[in-house]
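Heads up, the thing below is written out as structure tokens.
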Amino acid sequence: MRGEGCCPTMDLLRSEEMQLVQIIIPIESSHLTLSYLGDLGLLQFKDLNADKSPFQRTYATQIKRCGEMARKLRYLKEQMGKAGIVPSSLPQAPPKLDLDDLEITLGEMEAELIEVNANSEKLQRTYNELLEYDLVLQKAGEFFHTAQRSAVVQHRETEGQQSAEASLESPLLHEQEMSTDPSKQVKVGFVSGLVPKEKAMGFERILFRATRGNMFLRQEPVDTPVTDPVSGEKVAKNVFVVFFSGERAKAKILKICEAFGANRYHFPEEFSKQLQALEEVSTKTKELKTTIDLGLLHRDNILKNIASQYEQWSYLVRKEKSVYHTLNMLSLDVTKKCLVAEGWSPVFATKKIKDALHRATVDSNSQVCSIFQVLQTKELPPTYYQTNKFTSAFQEIVDAYGVAKYQEANPGLFTIVTFPFLFAVMFGDWGHGICLLLCTSILIIREKKYSSQLGDIMEMMFGGRYLIMMMAIFSIYTGLIYNEFFSVPFELFGKSAYACRDPSCSDTTTAGMIKVRPAYPFGVDPVWYGSRSELPFLNSLKMKMSILIGVSQMNLGIFLSYFNAKFFRNSINVWFQFVPQLIFLNSLFGYLSLLIIIKWCTGSKADLYHVMIYMFLSPTDELGENQLFPAQKMVQLVLLLLAFVSVPWMLLPKPFLLKRQHEQRHQGHQYTPLENTDESVEIEHVGHGNNSHDHDEEFEFGEVFVHQLIHTIEFVLGAVSNTASYLRLWALSLAHSELSTVFYEKVLLLAWGFNNVIILLVGIIVFVFATIGVLLVMETLSAFLHAMRLHWVEFQNKFYEGDGYKFAPFSFAIISEEEE
């Protein structure tokens, strides 16, 4: 166990050593103490008031108060968003603002903005009404002038035929000859306004039906959409004038206008009054526009003042709320003079926490110091790895499967190398790898700029920028081995080792090829591309390489299970899990890997399929031409015997040993020796991984035996299926290569063969988009997901339980922007 002043190990293989601590804090310094601990961010508090509801806790009022201030801040941010003002993120050093002063300031700002907005909305509504009124005066005026001109013409035509003169000031609707008795004359009225264009047809039909045709409607569409005074939205409208007779018809028309959302405006009949109304509307419109602009300028000045301090205000409110929320997790002492806190912290942080407690005592002028002590517990501690911006993405891949148990071997350390390598085996093309590297280099070079300016999807890519960089570098490496640059081979490391025996061979088959130089120094010889031998050769290479990689990674997983067993001093798992698993896997698939390597080194023509099949079916038969080394048959018999023995070795001894171990432990607890004689306090807790009462539980031998049987069957079948699963490396690699070849030959080269500039440009565009969309996006995602599956299932299931829980310290650095 490390000392108190030790530094963190930065060791990703094992999580940081944790300790359960208890802190007794005086009431007068509690707030400042929590603030300093939040700045430190190395202490995870336990909720000691879990039996209380949020409203029964000590600081519920303060949390409610902070929540109200957070609501006001959200309102201010919403107003800034509507005005197009972005809160300033530049670091400033304003005078320290107390929470009470901030509460008063936010209240004043909110009240002022509400008043300004209310006045602005009222003025804007009046302004929009005046604009509509102006349209009604113009359009309806045209109606009346047109009708008046028509009446004049009609009057002149009928002047000699009628005995009585028709007055030009009579109603616009032409009436039949009326009685001279005033009591029998019909008075015609009208209603004018605007109706939404989409409702105009229905409006006209309802008017006709409601008045039984005793009305006359004129409509004229407005050229541009107008702002509706009620909704504030742009709406296409028609100006209308409805002529009617009688008060009953008028009442019906007014109700219909209201139902259809038609805004009515008074229109004077006399021409002089119309001109006067137009002049008055124009003057009021200009005055209102000036007033509205001044109001908006005043509001913008208020919001700009808020924007310059918004981030500091928001941070202070979120910080205070988190402090009070954490204080609610602390237990109030019976004397009500101090708070008792319990939580987890890394061992290396002990000195830092003590220093923070001392500073809080001094700065708060408290007469009593906080008391810090370590508690002894059997509760499972949280898991804490110290990662940086490079290793965090790899650790997130592991944590997405499950958080490692405390001090369990962490796959994240090996994932840094194995994940990008498995991806590159499937993606191998150094041209595509360079494209990926260029894209991720932009994110890495400009990471300070992009860190706060990305959306959700780009934020995920930005967080994994170093992971993508490693994937790109490994893809370039495997692409050089495959000798593929957008599916085109190059003689980068020298000339091909082969040449045509005579001009008739024409590279169609290797039957006419002879070796004229030493072997190609690095990767696949370029002569194999374009020959009929390419497919079987690359198939053989990639398939066997996939098996070698898979067996190696599964062996690594088994060895990590050994390290876990040794670390936790579990000798039963060492001898009855690690050893038989290692023997079984390598007796079969380790032996197959050895045969592959021997065949490559010797150039033998042996059929490995035949060797492995008849190793089980006819183990005593002679191998003949399939023999790769002396005494191979005897070796196979021994390996086969070991594979069969390892299965009952895994299954039978462990349940009996666990039963005997339980019986010995149960007998040994009749007399318990004294422990923990130092100054630490021993305490038992109920929580994650509590094993303090395991010895009191009944040992169910049948249940343990069935569990071990399932585990044994799972491993035996999994060894076969997992090895086969690694063949996806071969399959996806060939698929990527073939797709790249199709795009190159059937798009780019085909377009080049037409000797036409336009067709060539189209071919290049199609090739670029197909390469980016299919090979650099879809194939990258596919290879990424398959590499993730190989790690989660085939690799981690050999040793990784992943049933721990993360260390979640109280830290201001990770306060969420969104308030609950």
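Here, A, B, ... name the chains of the structure tokens in the order displayed, residue numbers run from 1 inside each chain, and ligands are numbered from 1 in the same displayed order.
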
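Neighbouring residues of A:Val704 at 12 Å or closer, counting only C-alpha atoms and skipping chain neighbours under 5 positions away, are Leu651, Leu652, Pro653, Lys654, Pro655, Phe656, Leu657, Leu658, Lys659, Glu698, Phe699, Leu709, Ile710 and His711 of chain A.
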
- Query: Can you list, as an MDAnalysis selection string, every protein, DNA or RNA residue that comes within 8 Å of stretch 360-367 of chain A when you count only C-alpha atoms, leaving out same-chain residues fewer than 3 positions away?
  - Reply: chainID A and resid 26 28:29 32:33 36 356:357 370

- Query: Which polymer residues have any atom within 12 Å of an atom of stretch 131-136 of chain A, counting only C-alpha atoms, with same-chain residues fewer than 4 positions away left out, as a count of residues only?
  - Reply: 55

- Residues within 9 Å of A:Leu608, only C-alpha atoms, excluding chain neighbours under 5 positions, as a ChimeraX atom specification: /A:592,595-596,599,613,626

Could you write out the selected residues, including all heavy atoms, as a PDB file, in the first residue's frame?
ATOM      1  N   LEU A 592      -2.371 -25.241 -34.188  1.00  0.00           N
ATOM      2  CA  LEU A 592      -2.672 -24.807 -35.554  1.00  0.00           C
ATOM      3  C   LEU A 592      -1.834 -23.589 -35.935  1.00  0.00           C
ATOM      4  O   LEU A 592      -1.307 -23.505 -37.055  1.00  0.00           O
ATOM      5  CB  LEU A 592      -4.165 -24.464 -35.662  1.00  0.00           C
ATOM      6  CG  LEU A 592      -4.643 -23.862 -36.991  1.00  0.00           C
ATOM      7  CD1 LEU A 592      -4.380 -24.812 -38.160  1.00  0.00           C
ATOM      8  CD2 LEU A 592      -6.124 -23.488 -36.915  1.00  0.00           C
ATOM      9  N   LEU A 595       1.636 -24.722 -36.758  1.00  0.00           N
ATOM     10  CA  LEU A 595       1.701 -25.334 -38.091  1.00  0.00           C
ATOM     11  C   LEU A 595       1.724 -24.281 -39.195  1.00  0.00           C
ATOM     12  O   LEU A 595       2.426 -24.435 -40.208  1.00  0.00           O
ATOM     13  CB  LEU A 595       0.508 -26.272 -38.287  1.00  0.00           C
ATOM     14  CG  LEU A 595       0.454 -27.528 -37.402  1.00  0.00           C
ATOM     15  CD1 LEU A 595      -0.780 -28.347 -37.738  1.00  0.00           C
ATOM     16  CD2 LEU A 595       1.716 -28.372 -37.575  1.00  0.00           C
ATOM     17  N   ILE A 596       0.951 -23.203 -39.010  1.00  0.00           N
ATOM     18  CA  ILE A 596       0.943 -22.130 -40.015  1.00  0.00           C
ATOM     19  C   ILE A 596       2.326 -21.506 -40.143  1.00  0.00           C
ATOM     20  O   ILE A 596       2.834 -21.288 -41.262  1.00  0.00           O
ATOM     21  CB  ILE A 596      -0.110 -21.068 -39.627  1.00  0.00           C
ATOM     22  CG1 ILE A 596      -1.520 -21.640 -39.777  1.00  0.00           C
ATOM     23  CG2 ILE A 596       0.040 -19.815 -40.482  1.00  0.00           C
ATOM     24  CD1 ILE A 596      -2.621 -20.735 -39.255  1.00  0.00           C
ATOM     25  N   LYS A 599       4.755 -23.936 -41.829  1.00  0.00           N
ATOM     26  CA  LYS A 599       4.484 -24.031 -43.272  1.00  0.00           C
ATOM     27  C   LYS A 599       5.015 -22.812 -44.005  1.00  0.00           C
ATOM     28  O   LYS A 599       5.558 -22.926 -45.110  1.00  0.00           O
ATOM     29  CB  LYS A 599       2.979 -24.182 -43.497  1.00  0.00           C
ATOM     30  CG  LYS A 599       2.613 -24.375 -44.968  1.00  0.00           C
ATOM     31  CD  LYS A 599       1.134 -24.601 -45.162  1.00  0.00           C
ATOM     32  CE  LYS A 599       0.822 -24.743 -46.649  1.00  0.00           C
ATOM     33  NZ  LYS A 599      -0.622 -24.979 -46.892  1.00  0.00           N
ATOM     34  N   ILE A 613      -8.292 -31.931 -39.124  1.00  0.00           N
ATOM     35  CA  ILE A 613      -9.495 -32.787 -39.102  1.00  0.00           C
ATOM     36  C   ILE A 613      -9.138 -34.206 -38.678  1.00  0.00           C
ATOM     37  O   ILE A 613      -9.779 -34.796 -37.787  1.00  0.00           O
ATOM     38  CB  ILE A 613     -10.168 -32.771 -40.486  1.00  0.00           C
ATOM     39  CG1 ILE A 613     -10.806 -31.395 -40.744  1.00  0.00           C
ATOM     40  CG2 ILE A 613     -11.239 -33.861 -40.559  1.00  0.00           C
ATOM     41  CD1 ILE A 613     -11.347 -31.225 -42.140  1.00  0.00           C
ATOM     42  N   ASN A 626       1.602 -34.664 -45.541  1.00  0.00           N
ATOM     43  CA  ASN A 626       1.174 -33.572 -44.673  1.00  0.00           C
ATOM     44  C   ASN A 626       2.032 -33.421 -43.418  1.00  0.00           C
ATOM     45  O   ASN A 626       1.727 -32.597 -42.559  1.00  0.00           O
ATOM     46  CB  ASN A 626      -0.283 -33.788 -44.255  1.00  0.00           C
ATOM     47  CG  ASN A 626      -1.243 -33.621 -45.416  1.00  0.00           C
ATOM     48  OD1 ASN A 626      -1.041 -32.764 -46.279  1.00  0.00           O
ATOM     49  ND2 ASN A 626      -2.274 -34.452 -45.451  1.00  0.00           N
TER      50      ASN A 626
END

- Using only C-alpha atoms, pick whichever of A:Phe807, A:Glu745, A:Gly431, A:Ala70 has the shortest atom-to-atom distance to A:Leu316.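 The closest residue to A:Leu316 is A:Ala70.
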
- strand (DSSP E) residues, from DSSP on the backbone, in stretch 484-622 of chain A, as a list in words: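 Checking each residue of stretch 484-622 of chain A, the strand (DSSP E) ones are Tyr498, Ala499, Cys500, Met513, Ile514 and Lys515 of chain A.
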
Residues from last step as file, N, CA and C atoms, as a compact mmCIF listing (two decimals), in the first residue's frame:
# COMPACT_ATOMS: atom_id res chain seq x y z
N TYR A 498 9.80 -11.19 -59.43
CA TYR A 498 9.41 -12.07 -60.52
C TYR A 498 9.40 -11.31 -61.84
N ALA A 499 9.60 -12.07 -62.93
CA ALA A 499 9.52 -11.52 -64.27
C ALA A 499 9.04 -12.61 -65.21
N CYS A 500 8.59 -12.20 -66.40
CA CYS A 500 8.07 -13.17 -67.37
C CYS A 500 9.21 -14.01 -67.94
N MET A 513 5.99 -17.19 -64.89
CA MET A 513 6.83 -16.26 -64.13
C MET A 513 8.00 -17.00 -63.51
N ILE A 514 9.15 -16.34 -63.51
CA ILE A 514 10.33 -16.91 -62.86
C ILE A 514 10.88 -15.88 -61.88
N LYS A 515 11.54 -16.38 -60.84
CA LYS A 515 12.12 -15.50 -59.83
C LYS A 515 13.49 -15.05 -60.30

- Item | Residues flagged alpha helix (DSSP H) by DSSP in stretch 503-608 of chain A, as a PyMOL selection string | chain A and resi 534-567+571-573+579-585+591-602+608

- Nearest to A:Leu749, chosen from A:Val488, A:Glu714, A:Val398, A:Trp649, with only C-alpha atoms counted in the distances: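 Closest residue, counting only C-alpha atoms: A:Val488.
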
- What's the 9 Å shell around A:Gly343, counting only C-alpha atoms, without same-chain residues fewer than 2 positions away, as a VMD selection string? chain A and resid 19 to 23 43 to 47 341 345

- Message: Given only C-alpha atoms as the basis, pick out the residue of A:Val425, A:Tyr384, A:Ser646, A:Met215 nearest to A:Asp399.
- Response: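 Closest candidate: A:Tyr384.
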
- Residue nearest A:Gln309 - candidates A:Leu106, A:Ser587, A:Leu40, A:Gln632, atoms counted: only C-alpha atoms: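 Using only C-alpha atoms, A:Gln309 sits closest to A:Leu106.
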
- Item | Residue contacts of A:Leu760 (9 Å, only C-alpha atoms) excluding same-chain residues fewer than 6 positions away, as a PyMOL selection string | chain A and resi 748+750-754
